[in-house]
Structures are given as C-alpha cells and as structure tokens.
Amino acid sequence: MNIITKSVIIFIMLFVNQTSFGIKSAETAAFAIEKRIDKLLAQMTLAEKIGQMYQFSYAKADMSAELAELVRSGKVGAFLAVTDVKLRNKLQKIAVKESRLGIPLIFGLDVIHGYRTIFPIPLGQSATWDLRLAEKAAAIAAKEARSEGIDWTFAPMIDIARDPRWGRIAEGFGEDPYLCSLMAQAKVRGFQGKNLSATDTIVACLKHYVAYGAAEAGRDYNSAEVSERTLRDIYMAPFRAGVKAAAATVMSSFNDIGGVPASGNRFILTDVLRGEWGFDGFVVSDYESIKEMINYGIAADEAQAGEKAILAGVDMEMASRCFLNNLARLVKDRQVPEKVIDEAVRRILRVKLRAGLFEHPYVDPNLAGSETLQNDSLQIAREMVRKSLVLLKNDGGLLPLRKDIPSIAVIGPLADNQRDLLGAWCGRGKAEDVVTLLKGIKNKVSSTCRIHYIKGCDIKDNSLGQFDAALNIADKSDVVIMAVGESADMSGEAHCRTSLDLPGVQRQLIKAIHKTGKPVIVVLFTGRPLTISWLYENIGAVLLAWHPGIQGGNGIADVLFGDYNPSGKLAVTFPRNVGQVPLYYNHKNSGRPPAASDPFTSKYIDCPWTPLLPFGYGLSYTAFEYSNLEIKPDKVRLGQPVSISVEVENKGTKAGEEVVQLYIRDLVASVARPVKELKGFEKIRLAAGQKRKVSFTLTAEQLKFYDIDMKFTVEPGVFKVWAGPSSIQGLEGTFEIF
Ligand code: GLC
C-alpha cells in the first residue's frame, strides 16, 4: 500500500473518530446535564420546584427585603426586565450563595432588534432577505445584552402576519412561512451561537406560539380562528424551523385558537411542540397570559388557570402567580401529579445548565457598556439599513441624487427625529444614538450643497401652521426630500390601527409640496404596510425605510446618493385599501378567482382586488433580466428532487443586488393549495452587464403540506414554477411528480 493510500486511510479514520468523538462528547455532555438535574430534583422540595417556575417581572418592583427573601427562599426562578448589572448580580448572589440549593436565576429581556445598537425593525430586516446579516445582527445583540447581565431574550418574534392593522406586524418577519422560517433559524443561530454557555450568547425564545398574528380584525390579543391545516402549514412553520435550530425556549401567546387559549392548549404545547417536534427546552407563558385564562372564561380562578396551564405544557409563568400560589395545593389534592412539575422543572434546569449559568452565574459589571455601540456593530447596522430599504418607485431615474446638487429641501416630521427611528421594542436603545435622515444627508453631500430643513407638520396632529414655510424652502431648492410616516408608538404591542393612511396632515403636506412642481422624493418611515396609493401614483420617487434604527440616516443617505444600489424586497403585502385586509400573496384560488370580464367572481366593486405592492417587490437603480428557466427533470418520481435554474443579467449601468425568488404552485391536490408559495431565494450581486445562472434544488420535503387526512406529505401531480424578482413576475415552467 503506497504512502498516499495509507495517509488517506489514516485521515478517514481520524475524521470518523473525530466526528464520532464530537457526537459522543455531545451525548456525554447531555447525559451529564441530565444526571445533574436528577440529583437536583431529588434534593428539591415541592416549593423549591414551583419557585423555579416563576418569573418575577421586575419592571414593577424595586429591590426590597421581601424580594430578597423571595429569592433566598427559592421562590423565584427567573426575572424579567432587570436592566441594572449590579442589581442583577445582587439578586444572583442571593440565589446562588444564600438559597438552600444555590440554583442560579435566569434574567430575560425583550432584545428584539438590538440591545443598544438598534437595527431596523424585524419587518425591515426581513426586507433584506439576507440571512447572514440577520444572524450577525442577533449575535451583536447577544454580545451586548450578555455583557450587561441579560441571559435570555424574548426573541425572535416569528408570528406570521397578514394583517397590517395589527401593530405587532412590525416585530416579525412578514407574511411568508418560508422566509420567516429561515429568518427564525438565522436569529436563533445568532442569539445562541454555537455554544450556548459562552459568555457572548443568550438564550433565544420563539414567540408567540402560536397564531398570535391571526388576531381577528387585526386587534391585538383577539381570538384567532384558524383551521388546523392553516395553523400547521402557515403559523406553526417558523416555530417548527426554530425548534430545528435548537431554540432553547418558546413563549405561549395571549390569543386563543378556536376558543382554547395558547397558554392552556395541550395540543400545541405538548402534542405538537414536544410530541411531534421533540422540543426539549422550556415554555414560558406570555405576561400574565395564564391568569388571563380567567378573562377567557375557561378558568374560574387562578388555581384552575394554573392547573390548566401546567397540564397543557407551560413550564414557567411570567409575572402572574397562579403557579406560585396554587401548584403545591393542586399536587396535594392530586389534581396535578408531581411528576408533571418535575418534568417542567427539568426543562428549566436543562436550559440554565446549557446556558452555563451554574458555572458563570455573574456578569463582570466592569464589562457593562464595553461591548455596546462598537464601531463594527455600527457598520453592520448601517449595512442592515441599506439592505432593508425598499425602492418602491423611481420615475425617470430621479434617484440617486448627485452629492454636489446645489440645494436640497428636507421636509417632514421624521426628518430630524431620533426617537421614532428606533421603532417599537427598541431594547435599551437610546434616541441620542440615532443618526437622523437630516444628519445622514448632511454627512453625505458635498460642502457646496445648501440644505434647508423644516418639519412642516407633526406626525399625528392636524396643524397646517408650517405649510407656508415648507413651501418657501421647497421653492428655493432643486429637489425636495420628504420624511413622513408613523411614529414608533403607532406600531408594536397594543398599538393597532383601523386606518393605514399616513397619520395627521402629512399627505396634505406632500400634496402641497408636489404642487410646486419640484422633484419630490418621499422617504417613508413605518412599522407596517400603509395605504399610499396617492403617493405612489403621484410622487416621483418613494423609498420605504421602515423604522431603521440608530444608523437610519446614514444608511438611507447611502442609497439616496448612490453609494448603495437598493436591493430590499417586501416581506409583506401593501394593500390599496385597508378594506382589503387580510391580503397576502399565498392565498387560495377560490372557486371564482377574480376575473375582470366576469362580475360574479371574487373581487370588489369599489377597489381592484390586487395589492398596491406585492410580496417580494422592490426596485433597483439597475435592471435585471431573467432568461433560460430550466427544470430538470420535468417529470420526477415521488420523493426525488427537482433542479431548477434561471439566468439573470444586469442590463443596467450600475452594479446591484437582486433577490432571485422561486415560487411553486401545486395545481391539484387533496386540499386547495395556495396560488403561489415561496420555496427558494438567493440574493446575488451582479456587475453592470454581468450574467449569472442561479440554481435551486426543490426537495420532496419542501413540497410537503398537510393533506386531507392531516398527514404531512407530498402528492403526485403537476406543479407550476416561477423564478423572478417578485411574487407577481418571473419566468414560468412546470414539472410533474409521478
Ligand atoms: C409582552 C409581550 C411579549 C414580551 C413580554 C415581556 O406582553 O407580549 O412579547 O416578551 O410581555 O416583555
């Protein structure tokens, strides 16, 4: 045997050994954790077990002797919203040094789109279609949060949202289960890293499980009436993906599903989450959502609420004390078996052990602040802003602007506004850190450019007092950039709207400025899709900026002045009229799909049934052309993959990025299937004139759905395929599964 063969054999043996060693060491570690839990559980009193199941909401308290005693006696397992590192360590020291078993606390906070370095809101992050960037942003948030004593974030929020009236649409990744699933996994990887016990990672929490975004009438906390098939195909998909990515916790949602509140819903919490998906972390309730089962009328009192929640599969109670005050008696009265408590506590201890809290329960207070707002973090934030921006319109190439343009009027209530650019759920973000649009423009243009600024009106109030002054500065400028939209507090939890129009008198202001005949660019700041038909039809250029976070002004100026060619694509549909919602691209065809020629089809008499702007839409400063769609094989045996490729050419004069999207339609199945489903995408960069082939592999797993018998399966039949720049454009082909 020659030396080469020998060395190859040795390498293979080492590799196999290393891999199996890797698997073995993971199994060994897991086994060691379970043995430690067995030992702890055997020592714990029932009261100490129940204490682990209570999360104290610090926001409404201060460090009192009563609180210290609660921790010392082992009656608290976790805290919410302790944001002072010294206080955090003080509480932890009581738990570790003064309680009987020294079980460390876990400290949670809503680190949704950044801790102190605030990135665009998640609805903007999903518009980047950039999973690597989304993961990086979460890793930065984790490092910053952990350095200030936060071990656990209540994120990613992965509720599918099809109704922009619902304020929390801002907080998630949009309407599509495929994109939302991949974003969920990217965020879990970013928060938890490769080693959850490292000191720069934090425990992730998939929320709000489940179908919280299906709240009827887009009104927060309202009922969700969804079929089991829609639940599984759409709303559960991102959670299933997040569990596959090893998310350590899940949060049960406020809503009921067909009359059963999520926090008392054994089907979702135990049968599916644990029974089908094998989730082995712990479930925390949403804030007092266990106690709120009394309001639903499915529990007569806190004891019954606690009983229903523990038997359904909730492990830890946030804020309310149904568990703390009642579980011991419920066990004594044999209404709740102690082994159910043991399993809940086992899952909580498992996460605390995996997070390394027993080994390093404290945070170095000197570290606090040392990790936040690092320059490389700010650059990533700026990159995320650039890529989140969606160019909705650009008539006649009005954008990009020249940096040496003689004069610019900057008008609007969001132009020199720091607080509102942070958006909802902005963690420990501070308005003072925000680069406003005005500042970003000033940072960008040449010294000869004269900038005239005026607010012009407020976001919400109806005063026209500044209109004349705004018209004056428009008159003396070459171009007008208007910064309009929603304030941060118009979206987020408990901030739903019945109108999606621009608030206040902002549209009137835009109309007045438009009348001057000056070229107008509108930068739209919002936490949700808005109804902007007039603006879209009449204004030359419209750039959607969401609530972009602390680097908003710089990232937007990069795009306005051509230092970055916009590449954002909508992850949520923009309706023409609020009367159309819920409106989403992956809808069923109905028995009477809309047909212009036939009045008796599914449409309106007062508005086109189509969206103003569809899912996946976004323009560029260049033009991409699609050609040569290939599907191989176009007839494939059930269970085999299909290869699809398409060529994309940059026909313009500027380099740019394009999100190449792959959609399918299952034409005939045992249940009605959506008219389109996103099943792949790739964000590519092409130089001017460059052409590239983009290839996808469609696996049988990706074609599965819940069939007439609720089996997750793929059925033979003909499928349509599209590859293109949005959910309404692309080259079309077909393949058949037999
Ligand atoms: C809130 C939210 C939830 C958040 C929790 C803690 O009510 O619904 O998303 O994580 O309480 O702040």
# chains A, B, ... in the order shown; residues from 1 in each chain; ligands from 1
>>> residues_around(residues="segment 150-157 of chain A", least_positions_apart="2", cutoff="7 Å", atoms="only C-alpha atoms", output="mmCIF file with N, CA and C atoms, in the first residue's frame")
data_model
loop_
_atom_site.group_PDB
_atom_site.id
_atom_site.type_symbol
_atom_site.label_atom_id
_atom_site.label_comp_id
_atom_site.auth_asym_id
_atom_site.auth_seq_id
_atom_site.Cartn_x
_atom_site.Cartn_y
_atom_site.Cartn_z
ATOM 1 N N ILE A 106 -32.238 33.108 35.954
ATOM 2 C CA ILE A 106 -32.009 33.485 34.551
ATOM 3 C C ILE A 106 -32.742 34.803 34.320
ATOM 4 N N PHE A 107 -32.067 35.727 33.684
ATOM 5 C CA PHE A 107 -32.581 37.088 33.530
ATOM 6 C C PHE A 107 -32.958 37.338 32.066
ATOM 7 N N GLY A 108 -34.244 37.687 31.849
ATOM 8 C CA GLY A 108 -34.740 37.873 30.482
ATOM 9 C C GLY A 108 -35.104 39.313 30.171
ATOM 10 N N LEU A 109 -35.035 39.644 28.880
ATOM 11 C CA LEU A 109 -35.420 40.983 28.399
ATOM 12 C C LEU A 109 -35.801 40.861 26.931
ATOM 13 N N ASP A 110 -36.636 41.777 26.470
ATOM 14 C CA ASP A 110 -37.017 41.796 25.051
ATOM 15 C C ASP A 110 -35.931 42.475 24.220
ATOM 16 N N VAL A 111 -35.001 41.677 23.742
ATOM 17 C CA VAL A 111 -33.963 42.195 22.854
ATOM 18 C C VAL A 111 -34.387 41.774 21.453
ATOM 19 N N ILE A 112 -35.252 42.615 20.844
ATOM 20 C CA ILE A 112 -35.968 42.180 19.632
ATOM 21 C C ILE A 112 -35.190 42.502 18.368
ATOM 22 N N ALA A 145 -26.126 42.376 25.076
ATOM 23 C CA ALA A 145 -27.054 42.093 26.168
ATOM 24 C C ALA A 145 -26.382 41.284 27.263
ATOM 25 N N ARG A 146 -25.623 40.238 26.851
ATOM 26 C CA ARG A 146 -24.987 39.393 27.867
ATOM 27 C C ARG A 146 -23.988 40.174 28.691
ATOM 28 N N GLU A 148 -24.269 42.975 29.722
ATOM 29 C CA GLU A 148 -24.970 43.807 30.719
ATOM 30 C C GLU A 148 -25.951 42.974 31.527
ATOM 31 N N ASP A 159 -44.133 35.493 14.490
ATOM 32 C CA ASP A 159 -45.555 35.354 14.161
ATOM 33 C C ASP A 159 -45.795 35.752 12.711
ATOM 34 N N GLU A 171 -42.896 43.656 14.343
ATOM 35 C CA GLU A 171 -41.959 42.925 15.201
ATOM 36 C C GLU A 171 -41.528 41.587 14.609
ATOM 37 N N GLY A 172 -42.252 41.183 13.542
ATOM 38 C CA GLY A 172 -41.977 39.869 12.959
ATOM 39 C C GLY A 172 -41.398 39.993 11.568
ATOM 40 N N ALA A 184 -36.112 32.915 11.300
ATOM 41 C CA ALA A 184 -36.166 32.390 12.675
ATOM 42 C C ALA A 184 -34.889 31.633 12.985
ATOM 43 N N LYS A 187 -31.855 33.922 13.342
ATOM 44 C CA LYS A 187 -31.858 34.636 14.623
ATOM 45 C C LYS A 187 -31.473 33.716 15.779
ATOM 46 N N ILE A 202 -26.882 34.366 24.158
ATOM 47 C CA ILE A 202 -28.029 34.393 25.068
ATOM 48 C C ILE A 202 -29.068 33.377 24.600
ATOM 49 N N VAL A 203 -29.894 32.968 25.536
ATOM 50 C CA VAL A 203 -30.958 32.004 25.245
ATOM 51 C C VAL A 203 -32.018 32.687 24.373
ATOM 52 N N ALA A 204 -32.419 32.024 23.302
ATOM 53 C CA ALA A 204 -33.460 32.577 22.418
ATOM 54 C C ALA A 204 -34.828 32.078 22.864
ATOM 55 N N CYS A 205 -35.855 32.757 22.384
ATOM 56 C CA CYS A 205 -37.234 32.387 22.740
ATOM 57 C C CYS A 205 -38.131 32.567 21.524
ATOM 58 N N LEU A 206 -38.672 31.495 21.007
ATOM 59 C CA LEU A 206 -39.546 31.576 19.832
ATOM 60 C C LEU A 206 -40.918 32.049 20.309
ATOM 61 N N LYS A 207 -41.350 33.185 19.778
ATOM 62 C CA LYS A 207 -42.636 33.698 20.246
ATOM 63 C C LYS A 207 -43.399 34.283 19.070
ATOM 64 N N HIS A 208 -44.783 34.409 19.194
ATOM 65 C CA HIS A 208 -45.610 33.973 20.302
ATOM 66 C C HIS A 208 -46.378 32.757 19.819
#
>>> select_by_dssp(residues="segment 313-560 of chain A", states="alpha helix (DSSP H)", output="PyMOL selection string")
chain A and resi 322-332+338-354+375-388+437-444+467-475+506-515+533-538+552-560
>>> write_last_selection(atoms="C-alpha atoms", output="tab-separated table (two decimals), in the first residue's frame")
chain	number	residue	atom	x	y	z
A	322	CYS	CA	-51.06	31.13	39.51
A	323	PHE	CA	-48.31	28.52	39.76
A	324	LEU	CA	-46.56	30.02	42.77
A	325	ASN	CA	-49.73	30.37	44.82
A	326	ASN	CA	-51.60	27.22	43.83
A	327	LEU	CA	-49.48	24.36	42.47
A	328	ALA	CA	-48.49	22.95	45.87
A	329	ARG	CA	-52.14	22.51	46.84
A	330	LEU	CA	-53.05	21.17	43.41
A	331	VAL	CA	-50.37	18.49	43.87
A	332	LYS	CA	-51.57	17.77	47.43
A	338	GLU	CA	-45.84	15.98	40.99
A	339	LYS	CA	-44.12	14.26	38.09
A	340	VAL	CA	-45.62	16.91	35.80
A	341	ILE	CA	-43.95	19.55	37.97
A	342	ASP	CA	-40.71	17.57	37.88
A	343	GLU	CA	-40.72	17.50	34.07
A	344	ALA	CA	-41.33	21.26	33.89
A	345	VAL	CA	-38.50	21.95	36.34
A	346	ARG	CA	-36.25	19.50	34.49
A	347	ARG	CA	-36.69	21.52	31.31
A	348	ILE	CA	-35.98	24.81	33.10
A	349	LEU	CA	-32.85	23.44	34.77
A	350	ARG	CA	-31.74	21.93	31.46
A	351	VAL	CA	-31.74	25.37	29.82
A	352	LYS	CA	-29.99	27.00	32.79
A	353	LEU	CA	-27.29	24.31	32.68
A	354	ARG	CA	-26.90	24.58	28.89
A	375	ASN	CA	-17.77	50.66	15.58
A	376	ASP	CA	-18.01	47.35	13.68
A	377	SER	CA	-21.51	46.91	15.13
A	378	LEU	CA	-22.48	50.34	13.84
A	379	GLN	CA	-21.17	49.41	10.39
A	380	ILE	CA	-23.26	46.22	10.40
A	381	ALA	CA	-26.26	48.30	11.49
A	382	ARG	CA	-25.65	50.69	8.62
A	383	GLU	CA	-25.34	47.78	6.17
A	384	MET	CA	-28.60	46.36	7.50
A	385	VAL	CA	-30.32	49.72	6.99
A	386	ARG	CA	-29.07	49.99	3.41
A	387	LYS	CA	-30.26	46.50	2.57
A	388	SER	CA	-33.62	46.88	4.31
A	437	LEU	CA	-32.18	61.41	8.00
A	438	LEU	CA	-31.24	65.10	8.08
A	439	LYS	CA	-27.90	64.27	9.68
A	440	GLY	CA	-27.30	61.42	7.25
A	441	ILE	CA	-27.89	63.76	4.32
A	442	LYS	CA	-25.57	66.37	5.80
A	443	ASN	CA	-22.92	63.67	6.31
A	444	LYS	CA	-23.22	62.68	2.68
A	467	PHE	CA	-47.07	74.61	5.40
A	468	ASP	CA	-46.22	78.06	4.02
A	469	ALA	CA	-42.69	77.97	5.40
A	470	ALA	CA	-42.28	74.48	3.95
A	471	LEU	CA	-43.43	75.71	0.54
A	472	ASN	CA	-40.91	78.55	0.74
A	473	ILE	CA	-37.92	76.31	1.27
A	474	ALA	CA	-39.17	73.94	-1.43
A	475	ASP	CA	-39.37	76.84	-3.86
A	506	GLN	CA	-48.73	64.52	6.19
A	507	ARG	CA	-50.43	63.59	2.93
A	508	GLN	CA	-51.76	67.14	2.62
A	509	LEU	CA	-48.23	68.43	3.11
A	510	ILE	CA	-46.89	66.11	0.41
A	511	LYS	CA	-49.66	67.22	-1.96
A	512	ALA	CA	-48.86	70.90	-1.28
A	513	ILE	CA	-45.16	70.37	-1.96
A	514	HIS	CA	-45.96	68.28	-5.03
A	515	LYS	CA	-47.93	71.22	-6.43
A	533	SER	CA	-51.89	54.87	-3.41
A	534	TRP	CA	-51.94	58.65	-3.98
A	535	LEU	CA	-48.30	58.96	-3.02
A	536	TYR	CA	-47.33	56.01	-5.19
A	537	GLU	CA	-49.22	57.35	-8.21
A	538	ASN	CA	-48.06	60.97	-7.96
A	552	GLY	CA	-31.04	55.09	9.78
A	553	GLY	CA	-29.85	58.45	8.43
A	554	ASN	CA	-26.53	57.16	7.18
A	555	GLY	CA	-27.94	54.02	5.55
A	556	ILE	CA	-30.71	55.96	3.82
A	557	ALA	CA	-28.27	58.61	2.57
A	558	ASP	CA	-26.06	55.82	1.18
A	559	VAL	CA	-28.99	54.84	-1.04
A	560	LEU	CA	-30.34	58.33	-1.83
>>> closest_residue(among="A:Ser320, A:Ser253, A:Thr270, A:Asn394", to="ligand 1", atoms="only C-alpha atoms and all ligand atoms")
A:Ser253
>>> closest_residue(among="A:Val718, A:Ala305, A:Leu80, A:Leu399", to="ligand 1", atoms="only C-alpha atoms and all ligand atoms")
A:Leu80
>>> select_by_dssp(residues="segment 221-342 of chain A", states="strand (DSSP E)", output="list of chain:residue names")
A:Thr249, A:Val250, A:Met251, A:Ser252, A:Asp256, A:Ile257, A:Val260, A:Pro261, A:Phe282, A:Val283, A:Val284, A:Ser285, A:Glu317, A:Met318
>>> decode(residues="segment 92-191 of chain A", atoms="C-alpha atoms", output="PDB file, in the first residue's frame")
ATOM      1  CA  GLN A  92     -28.000  36.299  41.635  1.00  0.00           C
ATOM      2  CA  LYS A  93     -25.727  36.260  44.679  1.00  0.00           C
ATOM      3  CA  ILE A  94     -28.713  35.778  46.974  1.00  0.00           C
ATOM      4  CA  ALA A  95     -29.918  32.883  44.805  1.00  0.00           C
ATOM      5  CA  VAL A  96     -26.509  31.225  44.471  1.00  0.00           C
ATOM      6  CA  LYS A  97     -24.998  31.906  47.905  1.00  0.00           C
ATOM      7  CA  GLU A  98     -27.974  32.201  50.248  1.00  0.00           C
ATOM      8  CA  SER A  99     -30.671  29.868  48.920  1.00  0.00           C
ATOM      9  CA  ARG A 100     -30.607  26.229  50.064  1.00  0.00           C
ATOM     10  CA  LEU A 101     -29.596  24.686  46.722  1.00  0.00           C
ATOM     11  CA  GLY A 102     -27.918  27.668  45.061  1.00  0.00           C
ATOM     12  CA  ILE A 103     -29.774  27.322  41.744  1.00  0.00           C
ATOM     13  CA  PRO A 104     -28.948  30.420  39.642  1.00  0.00           C
ATOM     14  CA  LEU A 105     -31.591  32.764  38.276  1.00  0.00           C
ATOM     15  CA  ILE A 106     -32.009  33.485  34.551  1.00  0.00           C
ATOM     16  CA  PHE A 107     -32.581  37.088  33.530  1.00  0.00           C
ATOM     17  CA  GLY A 108     -34.740  37.873  30.482  1.00  0.00           C
ATOM     18  CA  LEU A 109     -35.420  40.983  28.399  1.00  0.00           C
ATOM     19  CA  ASP A 110     -37.017  41.796  25.051  1.00  0.00           C
ATOM     20  CA  VAL A 111     -33.963  42.195  22.854  1.00  0.00           C
ATOM     21  CA  ILE A 112     -35.968  42.180  19.632  1.00  0.00           C
ATOM     22  CA  HIS A 113     -33.964  44.142  17.053  1.00  0.00           C
ATOM     23  CA  GLY A 114     -30.936  45.121  19.059  1.00  0.00           C
ATOM     24  CA  TYR A 115     -29.892  45.751  22.641  1.00  0.00           C
ATOM     25  CA  ARG A 116     -28.160  49.169  22.480  1.00  0.00           C
ATOM     26  CA  THR A 117     -27.085  49.002  18.810  1.00  0.00           C
ATOM     27  CA  ILE A 118     -30.600  49.131  17.405  1.00  0.00           C
ATOM     28  CA  PHE A 119     -31.053  47.621  13.951  1.00  0.00           C
ATOM     29  CA  PRO A 120     -34.062  48.076  11.661  1.00  0.00           C
ATOM     30  CA  ILE A 121     -37.301  46.605  12.990  1.00  0.00           C
ATOM     31  CA  PRO A 122     -37.657  42.905  12.059  1.00  0.00           C
ATOM     32  CA  LEU A 123     -40.140  43.690   9.258  1.00  0.00           C
ATOM     33  CA  GLY A 124     -37.341  45.777   7.750  1.00  0.00           C
ATOM     34  CA  GLN A 125     -34.711  43.133   8.431  1.00  0.00           C
ATOM     35  CA  SER A 126     -36.743  40.561   6.512  1.00  0.00           C
ATOM     36  CA  ALA A 127     -36.829  43.010   3.574  1.00  0.00           C
ATOM     37  CA  THR A 128     -33.056  42.441   3.286  1.00  0.00           C
ATOM     38  CA  TRP A 129     -33.625  38.728   2.534  1.00  0.00           C
ATOM     39  CA  ASP A 130     -30.085  38.477   3.929  1.00  0.00           C
ATOM     40  CA  LEU A 131     -29.883  35.620   6.442  1.00  0.00           C
ATOM     41  CA  ARG A 132     -26.175  36.087   7.133  1.00  0.00           C
ATOM     42  CA  LEU A 133     -26.767  39.712   8.087  1.00  0.00           C
ATOM     43  CA  ALA A 134     -29.801  38.848  10.203  1.00  0.00           C
ATOM     44  CA  GLU A 135     -27.706  36.328  12.106  1.00  0.00           C
ATOM     45  CA  LYS A 136     -24.878  38.821  12.588  1.00  0.00           C
ATOM     46  CA  ALA A 137     -27.268  41.418  13.995  1.00  0.00           C
ATOM     47  CA  ALA A 138     -28.572  38.884  16.515  1.00  0.00           C
ATOM     48  CA  ALA A 139     -25.030  37.925  17.513  1.00  0.00           C
ATOM     49  CA  ILE A 140     -24.197  41.581  18.166  1.00  0.00           C
ATOM     50  CA  ALA A 141     -27.380  41.975  20.225  1.00  0.00           C
ATOM     51  CA  ALA A 142     -26.491  38.858  22.190  1.00  0.00           C
ATOM     52  CA  LYS A 143     -22.970  40.044  22.947  1.00  0.00           C
ATOM     53  CA  GLU A 144     -24.206  43.482  24.064  1.00  0.00           C
ATOM     54  CA  ALA A 145     -27.054  42.093  26.168  1.00  0.00           C
ATOM     55  CA  ARG A 146     -24.987  39.393  27.867  1.00  0.00           C
ATOM     56  CA  SER A 147     -22.288  41.921  28.774  1.00  0.00           C
ATOM     57  CA  GLU A 148     -24.970  43.807  30.719  1.00  0.00           C
ATOM     58  CA  GLY A 149     -26.425  40.829  32.523  1.00  0.00           C
ATOM     59  CA  ILE A 150     -29.177  39.593  30.198  1.00  0.00           C
ATOM     60  CA  ASP A 151     -29.055  35.803  29.711  1.00  0.00           C
ATOM     61  CA  TRP A 152     -32.296  35.338  27.746  1.00  0.00           C
ATOM     62  CA  THR A 153     -34.087  37.313  25.073  1.00  0.00           C
ATOM     63  CA  PHE A 154     -37.785  37.013  24.257  1.00  0.00           C
ATOM     64  CA  ALA A 155     -36.947  36.831  20.583  1.00  0.00           C
ATOM     65  CA  PRO A 156     -37.147  36.082  17.694  1.00  0.00           C
ATOM     66  CA  MET A 157     -40.776  37.053  17.320  1.00  0.00           C
ATOM     67  CA  ILE A 158     -41.825  34.850  14.399  1.00  0.00           C
ATOM     68  CA  ASP A 159     -45.555  35.354  14.161  1.00  0.00           C
ATOM     69  CA  ILE A 160     -46.768  35.206  10.585  1.00  0.00           C
ATOM     70  CA  ALA A 161     -48.683  38.454   9.983  1.00  0.00           C
ATOM     71  CA  ARG A 162     -51.160  39.001   7.191  1.00  0.00           C
ATOM     72  CA  ASP A 163     -52.983  41.962   8.668  1.00  0.00           C
ATOM     73  CA  PRO A 164     -51.202  45.352   8.829  1.00  0.00           C
ATOM     74  CA  ARG A 165     -53.835  46.711  11.204  1.00  0.00           C
ATOM     75  CA  TRP A 166     -52.117  44.550  13.843  1.00  0.00           C
ATOM     76  CA  GLY A 167     -49.417  46.662  15.473  1.00  0.00           C
ATOM     77  CA  ARG A 168     -47.085  43.746  16.092  1.00  0.00           C
ATOM     78  CA  ILE A 169     -46.595  43.137  12.361  1.00  0.00           C
ATOM     79  CA  ALA A 170     -43.593  45.437  12.878  1.00  0.00           C
ATOM     80  CA  GLU A 171     -41.959  42.925  15.201  1.00  0.00           C
ATOM     81  CA  GLY A 172     -41.977  39.869  12.959  1.00  0.00           C
ATOM     82  CA  PHE A 173     -40.652  38.830   9.569  1.00  0.00           C
ATOM     83  CA  GLY A 174     -43.803  39.216   7.488  1.00  0.00           C
ATOM     84  CA  GLU A 175     -46.386  37.020   5.809  1.00  0.00           C
ATOM     85  CA  ASP A 176     -44.432  34.143   4.326  1.00  0.00           C
ATOM     86  CA  PRO A 177     -43.724  30.927   6.251  1.00  0.00           C
ATOM     87  CA  TYR A 178     -40.604  30.039   4.227  1.00  0.00           C
ATOM     88  CA  LEU A 179     -38.828  33.395   4.644  1.00  0.00           C
ATOM     89  CA  CYS A 180     -39.999  33.655   8.250  1.00  0.00           C
ATOM     90  CA  SER A 181     -38.695  30.132   8.979  1.00  0.00           C
ATOM     91  CA  LEU A 182     -35.254  30.914   7.618  1.00  0.00           C
ATOM     92  CA  MET A 183     -35.154  34.226   9.493  1.00  0.00           C
ATOM     93  CA  ALA A 184     -36.166  32.390  12.675  1.00  0.00           C
ATOM     94  CA  GLN A 185     -33.265  29.969  12.284  1.00  0.00           C
ATOM     95  CA  ALA A 186     -30.815  32.756  11.488  1.00  0.00           C
ATOM     96  CA  LYS A 187     -31.858  34.636  14.623  1.00  0.00           C
ATOM     97  CA  VAL A 188     -31.616  31.554  16.836  1.00  0.00           C
ATOM     98  CA  ARG A 189     -28.121  30.884  15.490  1.00  0.00           C
ATOM     99  CA  GLY A 190     -27.164  34.499  16.095  1.00  0.00           C
ATOM    100  CA  PHE A 191     -28.514  34.710  19.635  1.00  0.00           C
TER     101      PHE A 191
END
